[in-house]
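Q: I am sharing my_file_6.csv, which consists of CSV, C-alpha atoms:
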```csv
chain,number,residue,atom,x,y,z
A,1,MET,CA,-48.6,61.0,27.4
A,2,SER,CA,-50.5,64.0,26.0
A,3,LEU,CA,-50.0,65.9,22.7
A,4,ASP,CA,-50.5,69.6,22.1
A,5,GLY,CA,-50.5,71.2,18.6
A,6,GLU,CA,-51.1,69.8,15.2
A,7,GLN,CA,-49.4,67.4,12.8
A,8,GLY,CA,-45.9,68.5,12.1
A,9,ASN,CA,-45.9,71.1,14.9
A,10,PHE,CA,-46.7,69.6,18.2
A,11,LYS,CA,-45.4,69.1,21.7
A,12,ALA,CA,-45.5,65.8,23.5
A,13,ARG,CA,-45.7,65.7,27.3
A,14,VAL,CA,-44.6,62.5,28.9
A,15,ARG,CA,-45.6,61.8,32.5
A,16,LYS,CA,-43.0,59.9,34.6
A,17,ASN,CA,-43.3,58.5,38.0
A,18,ALA,CA,-40.5,59.5,40.4
A,19,ARG,CA,-38.0,56.8,41.1
A,20,TYR,CA,-37.2,58.1,44.6
A,21,ILE,CA,-33.8,56.5,44.0
A,22,ASP,CA,-30.9,58.4,42.5
A,23,ILE,CA,-30.4,56.6,39.2
A,24,SER,CA,-26.8,58.0,38.9
A,25,LYS,CA,-25.8,56.1,42.1
A,26,CYS,CA,-27.9,52.9,41.7
A,27,THR,CA,-25.7,49.9,40.7
A,28,SER,CA,-28.7,47.5,40.3
A,29,CYS,CA,-27.2,45.3,43.0
A,30,GLY,CA,-30.7,44.5,44.4
A,31,GLU,CA,-29.6,44.8,48.0
A,32,CYS,CA,-32.3,47.4,48.6
A,33,THR,CA,-35.0,44.9,47.8
A,34,THR,CA,-33.4,42.4,50.3
A,35,VAL,CA,-33.6,44.9,53.2
A,36,CYS,CA,-36.8,46.7,52.2
A,37,PRO,CA,-39.4,46.1,55.0
A,38,VAL,CA,-42.5,47.2,53.0
A,39,ASP,CA,-44.5,44.5,51.2
A,40,LEU,CA,-47.0,45.5,48.5
A,41,PRO,CA,-49.3,43.5,46.2
A,42,ASP,CA,-47.7,42.8,42.8
A,43,GLU,CA,-50.1,44.3,40.2
A,44,TYR,CA,-48.3,42.3,37.5
A,45,GLN,CA,-49.4,39.1,39.2
A,46,GLU,CA,-53.0,40.4,39.7
A,47,GLY,CA,-52.2,40.9,43.4
A,48,LEU,CA,-51.8,37.2,43.9
A,49,SER,CA,-48.2,37.6,45.2
A,50,ALA,CA,-46.3,40.3,47.0
A,51,LYS,CA,-43.4,42.5,46.0
A,52,LYS,CA,-41.1,44.9,47.9
A,53,ALA,CA,-41.8,48.6,47.7
A,54,THR,CA,-38.2,48.8,46.2
A,55,TYR,CA,-38.1,47.0,42.9
A,56,LYS,CA,-36.5,47.0,39.5
A,57,ARG,CA,-39.1,48.7,37.3
A,58,TYR,CA,-38.2,46.9,34.0
A,59,ALA,CA,-36.4,43.7,34.7
A,60,GLN,CA,-34.9,43.3,31.2
A,61,ALA,CA,-34.6,46.9,30.1
A,62,ILE,CA,-32.2,49.8,30.3
A,63,PRO,CA,-31.7,51.5,32.6
A,64,GLY,CA,-31.7,48.7,35.1
A,65,ALA,CA,-31.9,51.0,38.2
A,66,PHE,CA,-34.3,50.3,41.0
A,67,ALA,CA,-37.2,52.5,42.0
A,68,ILE,CA,-39.6,52.8,44.9
A,69,ASP,CA,-43.3,52.3,44.5
A,70,LYS,CA,-44.8,55.3,46.3
A,71,ALA,CA,-48.2,56.5,45.4
A,72,ASP,CA,-48.9,59.2,47.9
A,73,LYS,CA,-48.4,60.2,51.5
A,74,ALA,CA,-50.4,58.0,53.9
A,75,PRO,CA,-53.4,59.5,55.7
A,76,CYS,CA,-51.6,59.1,59.0
A,77,ARG,CA,-48.7,61.2,57.8
A,78,LEU,CA,-51.1,63.8,56.4
A,79,ALA,CA,-52.8,64.0,59.8
A,80,CYS,CA,-49.6,64.5,61.7
A,81,PRO,CA,-48.9,68.2,62.5
A,82,GLY,CA,-45.2,67.5,62.2
A,83,GLY,CA,-45.6,65.6,58.9
A,84,LEU,CA,-43.7,62.6,60.4
A,85,ASN,CA,-42.8,59.7,58.1
A,86,VAL,CA,-45.1,57.4,60.0
A,87,GLN,CA,-44.9,54.5,57.5
A,88,GLY,CA,-41.1,54.7,57.6
A,89,TYR,CA,-40.6,54.4,61.4
A,90,VAL,CA,-43.5,52.0,61.9
A,91,ASN,CA,-41.9,49.6,59.4
A,92,MET,CA,-38.5,50.0,61.0
A,93,VAL,CA,-40.0,49.1,64.4
A,94,LYS,CA,-41.7,46.1,62.8
A,95,ALA,CA,-38.3,45.0,61.6
A,96,GLY,CA,-36.8,45.5,65.0
A,97,LYS,CA,-34.6,48.4,63.7
A,98,TYR,CA,-35.2,50.8,66.6
A,99,LYS,CA,-32.2,53.0,65.8
A,100,GLU,CA,-33.3,53.5,62.3
A,101,ALA,CA,-36.8,54.3,63.5
A,102,LEU,CA,-35.5,57.0,65.7
A,103,GLU,CA,-33.4,58.4,62.9
A,104,ILE,CA,-36.5,58.7,60.7
A,105,ILE,CA,-38.5,60.4,63.6
A,106,MET,CA,-35.7,62.8,64.5
A,107,GLU,CA,-35.3,63.9,60.9
A,108,ASP,CA,-38.5,66.0,61.5
A,109,LEU,CA,-38.9,66.3,65.3
A,110,PRO,CA,-36.9,66.0,68.5
A,111,LEU,CA,-38.2,64.4,71.7
A,112,PRO,CA,-39.3,61.0,70.4
A,113,GLY,CA,-39.7,59.5,73.9
A,114,VAL,CA,-41.8,62.5,75.0
A,115,LEU,CA,-44.0,62.3,71.9
A,116,GLY,CA,-44.4,58.6,72.4
A,117,ARG,CA,-46.2,59.3,75.6
A,118,ILE,CA,-48.1,62.5,75.3
A,119,CYS,CA,-48.7,63.1,71.6
A,120,PRO,CA,-52.4,63.5,70.8
A,121,HIS,CA,-52.0,60.9,68.1
A,122,GLY,CA,-54.4,62.2,65.5
A,123,CYS,CA,-52.6,59.9,63.1
A,124,GLU,CA,-54.4,57.0,64.7
A,125,ASP,CA,-57.8,58.5,64.0
A,126,ALA,CA,-56.8,58.8,60.3
A,127,CYS,CA,-55.3,55.3,60.1
A,128,ARG,CA,-56.8,53.2,57.3
A,129,ARG,CA,-56.7,50.2,59.6
A,130,CYS,CA,-59.7,51.7,61.4
A,131,ASP,CA,-61.7,50.6,58.4
A,132,VAL,CA,-60.9,47.0,59.3
A,133,ASP,CA,-60.7,46.8,63.1
A,134,SER,CA,-58.6,49.4,65.0
A,135,SER,CA,-55.8,51.7,64.2
A,136,VAL,CA,-52.1,50.8,64.4
A,137,ALA,CA,-50.7,51.9,67.7
A,138,ILE,CA,-48.5,54.6,66.1
A,139,ARG,CA,-47.8,56.6,69.2
A,140,ASP,CA,-46.9,53.5,71.2
A,141,LEU,CA,-44.6,52.3,68.5
A,142,LYS,CA,-42.7,55.6,68.7
A,143,ARG,CA,-42.4,55.2,72.4
A,144,LEU,CA,-41.2,51.6,71.9
A,145,ALA,CA,-38.4,52.8,69.6
A,146,ALA,CA,-37.3,55.5,72.1
A,147,ASP,CA,-37.4,53.0,75.0
A,148,LYS,CA,-35.3,50.4,73.0
A,149,PHE,CA,-32.6,52.8,71.8
A,150,ASP,CA,-31.1,55.8,73.5
A,151,ALA,CA,-31.8,58.9,71.4
A,152,ARG,CA,-28.6,60.5,72.7
A,153,GLU,CA,-26.7,58.0,70.6
A,154,ILE,CA,-28.3,59.0,67.3
A,155,GLU,CA,-25.8,60.9,65.1
A,156,ILE,CA,-27.6,64.1,64.1
A,157,GLU,CA,-26.2,65.7,61.0
A,158,CYS,CA,-25.7,69.5,61.4
A,159,ALA,CA,-24.5,72.1,58.9
A,160,PRO,CA,-21.3,74.0,59.6
A,161,ARG,CA,-21.7,76.5,62.3
A,162,LYS,CA,-22.6,80.0,61.3
A,163,ASP,CA,-21.6,83.2,63.2
A,164,GLU,CA,-25.2,84.3,63.9
A,165,LYS,CA,-26.9,83.3,67.2
A,166,VAL,CA,-30.5,83.2,68.3
A,167,ALA,CA,-32.0,83.8,71.7
A,168,ILE,CA,-35.0,81.5,72.6
A,169,ILE,CA,-37.3,82.5,75.4
A,170,GLY,CA,-38.8,79.4,76.9
A,171,SER,CA,-37.6,75.8,77.1
A,172,GLY,CA,-40.9,74.0,76.4
A,173,PRO,CA,-41.6,71.9,73.3
A,174,ALA,CA,-41.6,75.0,71.0
A,175,GLY,CA,-38.4,76.4,72.4
A,176,LEU,CA,-36.6,73.0,72.4
A,177,SER,CA,-37.8,72.3,68.8
A,178,CYS,CA,-36.6,75.7,67.6
A,179,ALA,CA,-33.2,75.1,69.1
A,180,TYR,CA,-33.0,71.6,67.6
A,181,HIS,CA,-33.8,72.7,64.1
A,182,LEU,CA,-31.6,75.8,64.2
A,183,ALA,CA,-28.6,73.7,65.4
A,184,ARG,CA,-29.1,71.3,62.4
A,185,LYS,CA,-28.9,74.3,60.2
A,186,GLY,CA,-25.7,75.4,61.9
A,187,ILE,CA,-27.2,78.2,63.9
A,188,MET,CA,-26.4,78.1,67.6
A,189,SER,CA,-28.9,79.4,70.2
A,190,THR,CA,-29.3,80.1,73.9
A,191,ILE,CA,-32.5,79.1,75.6
A,192,TYR,CA,-33.6,81.3,78.5
A,193,GLU,CA,-36.1,79.6,80.9
A,194,ALA,CA,-37.9,81.5,83.7
A,195,LEU,CA,-38.4,78.3,85.9
A,196,PRO,CA,-35.6,76.6,87.8
A,197,GLU,CA,-35.8,73.5,85.5
A,198,ALA,CA,-36.1,73.1,81.8
A,199,GLY,CA,-39.0,71.6,79.9
A,200,GLY,CA,-41.7,74.2,80.2
A,201,MET,CA,-45.2,72.7,80.3
A,202,LEU,CA,-43.6,69.3,79.6
A,203,ARG,CA,-42.2,69.4,83.1
A,204,VAL,CA,-44.6,71.6,85.1
A,205,GLY,CA,-47.8,70.8,83.2
A,206,ILE,CA,-47.6,67.0,82.8
A,207,PRO,CA,-47.3,64.7,85.9
A,208,ALA,CA,-44.4,62.4,86.2
A,209,HIS,CA,-46.7,59.3,86.1
A,210,ARG,CA,-47.4,60.3,82.5
A,211,LEU,CA,-44.1,61.7,81.4
A,212,PRO,CA,-41.2,60.3,83.5
A,213,ARG,CA,-38.6,63.0,84.3
A,214,GLU,CA,-35.7,60.9,83.2
A,215,VAL,CA,-37.2,60.6,79.7
A,216,LEU,CA,-37.6,64.4,79.5
A,217,ASP,CA,-34.1,65.0,80.8
A,218,GLN,CA,-32.4,62.6,78.4
A,219,GLU,CA,-34.1,64.2,75.4
A,220,ILE,CA,-33.3,67.7,76.5
A,221,GLU,CA,-29.7,66.4,76.6
A,222,VAL,CA,-30.0,65.4,73.0
A,223,ILE,CA,-30.5,69.1,72.1
A,224,THR,CA,-27.9,70.5,74.4
A,225,ASN,CA,-25.4,68.0,73.0
A,226,LEU,CA,-25.7,69.9,69.7
A,227,GLY,CA,-24.2,72.9,71.3
A,228,VAL,CA,-27.4,74.6,72.5
A,229,GLU,CA,-26.9,76.6,75.7
A,230,LEU,CA,-29.6,76.5,78.4
A,231,LYS,CA,-30.0,79.0,81.1
A,232,THR,CA,-32.7,78.5,83.8
A,233,ASN,CA,-34.0,81.1,86.3
A,234,SER,CA,-33.7,83.6,83.5
A,235,PRO,CA,-37.1,85.2,82.8
A,236,LEU,CA,-37.9,87.9,80.2
A,237,GLY,CA,-38.6,91.1,82.1
A,238,PRO,CA,-37.0,94.3,83.3
A,239,ASP,CA,-33.5,92.7,83.6
A,240,MET,CA,-33.7,91.0,80.2
A,241,THR,CA,-35.7,92.4,77.3
A,242,VAL,CA,-35.9,91.5,73.6
A,243,ASP,CA,-34.1,94.8,72.9
A,244,SER,CA,-31.3,94.0,75.3
A,245,LEU,CA,-30.8,90.5,73.8
A,246,LEU,CA,-30.6,92.0,70.3
A,247,ASP,CA,-28.1,94.6,71.6
A,248,ASN,CA,-26.0,91.7,73.0
A,249,GLY,CA,-25.4,90.3,69.6
A,250,TYR,CA,-28.4,87.9,69.0
A,251,LYS,CA,-29.6,88.2,65.4
A,252,ALA,CA,-33.2,87.1,66.4
A,253,VAL,CA,-35.3,86.4,69.4
A,254,TYR,CA,-37.8,83.5,69.3
A,255,LEU,CA,-40.6,83.8,71.9
A,256,ALA,CA,-41.8,80.4,73.1
A,257,LEU,CA,-43.5,81.5,76.3
A,258,GLY,CA,-46.1,78.8,76.6
A,259,ALA,CA,-49.6,79.0,78.1
A,260,HIS,CA,-49.1,78.9,81.8
A,261,LYS,CA,-52.2,80.8,82.8
A,262,GLY,CA,-55.6,79.4,83.2
A,263,ILE,CA,-59.0,80.9,82.3
A,264,GLU,CA,-61.2,82.3,85.0
A,265,LEU,CA,-64.7,80.9,85.4
A,266,GLY,CA,-66.4,84.3,86.1
A,267,ILE,CA,-68.4,82.9,89.0
A,268,PRO,CA,-68.7,84.2,92.6
A,269,GLY,CA,-66.2,82.7,95.0
A,270,GLU,CA,-63.5,81.5,92.6
A,271,LYS,CA,-60.9,83.8,94.2
A,272,ALA,CA,-61.4,82.2,97.7
A,273,SER,CA,-58.7,80.4,99.4
A,274,GLY,CA,-59.0,76.7,98.5
A,275,ALA,CA,-60.0,77.3,94.9
A,276,ARG,CA,-57.1,77.5,92.3
A,277,GLN,CA,-56.2,77.0,88.7
A,278,GLY,CA,-55.4,73.5,87.6
A,279,VAL,CA,-52.2,74.7,85.8
A,280,ASP,CA,-51.0,76.3,89.0
A,281,PHE,CA,-51.7,73.2,91.0
A,282,LEU,CA,-49.8,71.0,88.6
A,283,ARG,CA,-46.8,73.4,88.5
A,284,GLU,CA,-46.5,73.2,92.3
A,285,VAL,CA,-46.8,69.4,92.3
A,286,ASN,CA,-44.3,69.0,89.5
A,287,LEU,CA,-41.7,71.4,90.9
A,288,THR,CA,-42.0,70.5,94.6
A,289,GLY,CA,-43.6,67.0,94.7
A,290,LYS,CA,-46.4,68.2,96.9
A,291,ALA,CA,-49.4,70.5,97.2
A,292,LYS,CA,-52.3,70.9,99.7
A,293,VAL,CA,-55.3,68.9,98.6
A,294,GLY,CA,-57.5,68.4,101.7
A,295,LYS,CA,-60.0,65.6,101.9
A,296,LYS,CA,-62.3,66.4,99.0
A,297,VAL,CA,-61.3,67.8,95.6
A,298,ALA,CA,-63.6,69.0,92.7
A,299,ILE,CA,-62.1,69.7,89.3
A,300,ILE,CA,-64.1,71.7,86.8
A,301,GLY,CA,-63.3,70.7,83.2
A,302,GLY,CA,-62.9,67.6,81.0
A,303,GLY,CA,-59.6,67.8,79.2
A,304,ASN,CA,-56.4,66.0,79.9
A,305,VAL,CA,-55.3,68.7,82.3
A,306,ALA,CA,-58.4,68.0,84.4
A,307,ILE,CA,-57.5,64.3,84.4
A,308,ASP,CA,-53.9,65.1,85.4
A,309,VAL,CA,-55.1,67.2,88.3
A,310,ALA,CA,-57.5,64.4,89.4
A,311,ARG,CA,-54.9,61.7,89.3
A,312,SER,CA,-52.3,63.9,91.0
A,313,ALA,CA,-54.7,64.7,93.8
A,314,VAL,CA,-55.4,61.0,94.3
A,315,ARG,CA,-51.7,60.4,94.6
A,316,LEU,CA,-51.4,63.2,97.1
A,317,GLY,CA,-53.9,61.6,99.4
A,318,ALA,CA,-57.2,63.2,98.7
A,319,GLU,CA,-60.1,61.0,99.9
A,320,GLU,CA,-62.7,62.0,97.4
A,321,VAL,CA,-61.9,63.4,93.9
A,322,SER,CA,-64.6,64.4,91.5
A,323,ILE,CA,-64.5,65.8,88.0
A,324,ILE,CA,-67.4,68.1,86.9
A,325,TYR,CA,-67.9,68.3,83.1
A,326,ARG,CA,-70.5,70.4,81.3
A,327,ARG,CA,-71.0,68.0,78.4
A,328,THR,CA,-71.3,64.2,77.9
A,329,ARG,CA,-68.6,61.7,78.2
A,330,HIS,CA,-68.5,61.3,74.4
A,331,GLU,CA,-67.7,65.0,74.1
A,332,MET,CA,-65.1,64.9,76.8
A,333,PRO,CA,-61.8,66.0,75.1
A,334,ALA,CA,-59.6,64.0,77.5
A,335,TRP,CA,-58.2,60.7,76.1
A,336,GLU,CA,-60.3,57.7,76.8
A,337,GLU,CA,-57.4,55.7,78.3
A,338,GLU,CA,-56.7,58.6,80.7
A,339,ILE,CA,-60.4,58.8,81.7
A,340,GLN,CA,-60.5,55.1,82.4
A,341,ALA,CA,-57.3,55.3,84.4
A,342,ALA,CA,-58.7,58.1,86.5
A,343,GLU,CA,-61.9,56.1,87.2
A,344,VAL,CA,-59.9,53.0,88.1
A,345,GLU,CA,-58.0,55.1,90.6
A,346,GLY,CA,-61.3,56.3,92.2
A,347,THR,CA,-62.1,59.6,90.5
A,348,LYS,CA,-65.9,60.2,90.1
A,349,ILE,CA,-67.1,62.1,87.0
A,350,THR,CA,-70.3,64.1,86.9
A,351,TYR,CA,-71.5,65.0,83.4
A,352,LEU,CA,-73.8,67.8,82.1
A,353,ALA,CA,-73.1,70.0,85.1
A,354,ALA,CA,-71.2,73.3,85.5
A,355,PRO,CA,-70.6,75.6,88.5
A,356,GLN,CA,-72.7,78.7,89.3
A,357,GLU,CA,-70.9,79.6,92.5
A,358,VAL,CA,-68.1,78.5,94.8
A,359,LEU,CA,-69.4,78.4,98.4
A,360,THR,CA,-67.2,80.4,100.8
A,361,ARG,CA,-67.1,81.4,104.5
A,362,ASP,CA,-64.6,83.9,105.7
A,363,GLY,CA,-62.8,83.9,102.4
A,364,LYS,CA,-62.4,80.1,102.3
A,365,VAL,CA,-64.1,77.4,100.3
A,366,VAL,CA,-66.6,75.4,102.3
A,367,MET,CA,-69.1,72.7,101.6
A,368,ARG,CA,-72.7,72.2,102.6
A,369,ASP,CA,-73.5,69.6,105.2
A,370,GLU,CA,-74.8,67.2,102.6
A,371,SER,CA,-72.9,64.4,100.9
A,372,ILE,CA,-70.4,65.2,98.2
A,373,GLU,CA,-72.9,64.1,95.5
A,374,GLY,CA,-75.7,66.2,96.8
A,375,ASN,CA,-73.4,69.2,97.2
A,376,LEU,CA,-72.1,68.9,93.6
A,377,ALA,CA,-75.7,68.7,92.3
A,378,ARG,CA,-76.5,72.0,94.0
A,379,VAL,CA,-73.3,73.9,93.5
A,380,PHE,CA,-72.1,72.8,90.1
A,381,THR,CA,-75.2,73.3,88.0
A,382,GLY,CA,-76.1,75.5,85.1
A,383,ASP,CA,-74.0,76.1,81.9
A,384,HIS,CA,-70.7,78.0,81.6
A,385,PRO,CA,-68.1,78.1,78.8
A,386,LEU,CA,-65.3,76.2,80.7
A,387,GLU,CA,-62.1,75.5,78.8
A,388,ARG,CA,-59.4,75.3,81.5
A,389,PRO,CA,-59.9,73.1,84.6
A,390,HIS,CA,-60.4,74.7,88.0
A,391,ILE,CA,-59.7,72.9,91.2
A,392,GLY,CA,-61.5,73.3,94.4
A,393,VAL,CA,-59.9,72.0,97.6
A,394,PHE,CA,-62.3,71.3,100.5
```
Spit out the file's structure as structure tokens when you get a sec.

A:
Amino acid sequence: MSLDGEQGNFKARVRKNARYIDISKCTSCGECTTVCPVDLPDEYQEGLSAKKATYKRYAQAIPGAFAIDKADKAPCRLACPGGLNVQGYVNMVKAGKYKEALEIIMEDLPLPGVLGRICPHGCEDACRRCDVDSSVAIRDLKRLAADKFDAREIEIECAPRKDEKVAIIGSGPAGLSCAYHLARKGIMSTIYEALPEAGGMLRVGIPAHRLPREVLDQEIEVITNLGVELKTNSPLGPDMTVDSLLDNGYKAVYLALGAHKGIELGIPGEKASGARQGVDFLREVNLTGKAKVGKKVAIIGGGNVAIDVARSAVRLGAEEVSIIYRRTRHEMPAWEEEIQAAEVEGTKITYLAAPQEVLTRDGKVVMRDESIEGNLARVFTGDHPLERPHIGVF
């Protein structure tokens, strides 16, 4: 409490902690304490015993309503771009309440099974458990909840439908999320996708061994079940423009086009037959199930896309697959578990090297007569600002 003013003329400011429980609805039955999954040290007992996060603040006083002891958002939640209630769904998984865990996740985001597999999980880097040993496996717990309970059976509360409609260009994670949150607010939308299948880079940029197609399809179905219309083979262009969509009655157009184009290296020979962008290679593999790889493949780059290209090339029968990365392994942006998986499958990684030239003959990529290691040492040297992976098929 703080006082402002003087004797006989002052204002008192009393600070109160939020109860997080509606006092007008609480009957003091105590059932919330029985089911509460969160244990906290009891400060009144000098931390020698535990209490539930839900508790009666003053056992013998009025009002007798319960409250929730909540100091601040956890570092893991603060690190999450989506602001997910990490503590909430982790504790639900701990209690075996997978449906409730999904309900907490889907309050903020759709696609829990997808996120449980491909989320960058920065929350785990911020986890306080790292100060003890290692972080809680937050992303994997999200996946566990999605694997244990079908997200299509979650009842998603939506506001009454409004007359306005929105057109969404692109059915990737941004477009799907936009449609999901609009539907919850009662605004229906139509998603226009240029490719023959929905999912954007979730489908064409991530291999099936990392993101099973049945998982993606089921979670897209969660969104279409809310009334969202999905049209494939419908690109934005001369036949369909933003203006034409607005003229057809849409009140807004949301552009979720994605990043389907790689960055050129700016070196001689990169336009030759046999050298191609990693994103183009993955799109072909994911849409058709095949792509030409030849006997030896070199991938320039060190991110997760480079690893995806390497592991896909191995699965397509390439005899030798090598990743060339300009920095050290410690600086490699790909996830450590993916790097290790690629190495187990036979991919070789050369560090502190970058290409100066792609060797060609008659417009096609060729190799010198030396071994693959010797060739890489001579061809992929120097320094170049590489961000997107390039793939060379020999």

Q: I'd like the neighbourhood of A:Ser49 as a ChimeraX atom specification, where a residue qualifies if any of its atoms comes within 10 Å (using only C-alpha atoms), though same-chain residues fewer than 5 positions away should be ignored.

A: /A:39-44

Q: When distances are computed from only C-alpha atoms, which of A:Leu211, A:Val14, A:Val136, A:Val321 shows the smallest separation from A:Lys348?

A: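 Closest candidate: A:Val321.
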
Q: In Å to one decimal, how far is atom CA of A:Asp69 from atom CA of A:Ala50?

A: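 Going from atom CA of A:Ala50 over to atom CA of A:Asp69, I get 12.6 Å.
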
Q: Closest to A:Glu157 among A:Phe281, A:Tyr192, A:Tyr20, A:Tyr180, using all atoms listed in the file?

A: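 Once distances to A:Glu157 are computed over all atoms listed in the file, the minimum belongs to A:Tyr180.
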
Q: Go through A:Thr347, A:Ser244, A:Gln45, A:Asn233 one by one, measure the shortest atom-to-atom distance of each to A:Glu193 using all atoms listed in the file, and give the residue with the smallest value.

A: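 Residue with the minimum atom-to-atom distance to A:Glu193: A:Asn233.
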
Q: Considering only C-alpha atoms, state which residue in the set A:Pro120, A:Ala259, A:Val365, A:Asp147 is at the smallest distance from A:Pro333.

A: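 Among A:Pro120, A:Ala259, A:Val365, A:Asp147, it is A:Pro120 that comes nearest to A:Pro333.
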
Q: Quick one: distance from atom CA of A:Leu316 to atom CA of A:Asn286 in Å, one decimal?

A: 11.9 Å

Q: Go through A:Trp335, A:Glu155, A:Cys130, A:Glu164 and flag the residue nearest A:Leu246, using all atoms listed in the file for the distances.

A: A:Glu164

Q: So that I can see what lies close to A:Arg203, please list as a ChimeraX atom specification the residues with an atom at most 8 Å from it, counting all atoms listed in the file and leaving out residues fewer than 4 positions away in the same chain.

A: /A:197-199,207-208,213,216,286

Q: Given the point (-46.4, 55.4, 57.9) in the file's coordinates, find the residues that have an atom at most 9 Å from it, counting only C-alpha atoms, and give them as a short mmCIF file (atom, residue, chain, number, x, y, z; two decimals) with C-alpha atoms, in the coordinates of the input.

A:
```
data_model
loop_
_atom_site.label_atom_id
_atom_site.label_comp_id
_atom_site.auth_asym_id
_atom_site.auth_seq_id
_atom_site.Cartn_x
_atom_site.Cartn_y
_atom_site.Cartn_z
CA LYS A 73 -48.40 60.20 51.50
CA ALA A 74 -50.40 58.00 53.90
CA PRO A 75 -53.40 59.50 55.70
CA CYS A 76 -51.60 59.10 59.00
CA ARG A 77 -48.70 61.20 57.80
CA LEU A 84 -43.70 62.60 60.40
CA ASN A 85 -42.80 59.70 58.10
CA VAL A 86 -45.10 57.40 60.00
CA GLN A 87 -44.90 54.50 57.50
CA GLY A 88 -41.10 54.70 57.60
CA TYR A 89 -40.60 54.40 61.40
CA VAL A 90 -43.50 52.00 61.90
CA ASN A 91 -41.90 49.60 59.40
CA ILE A 138 -48.50 54.60 66.10
#
```
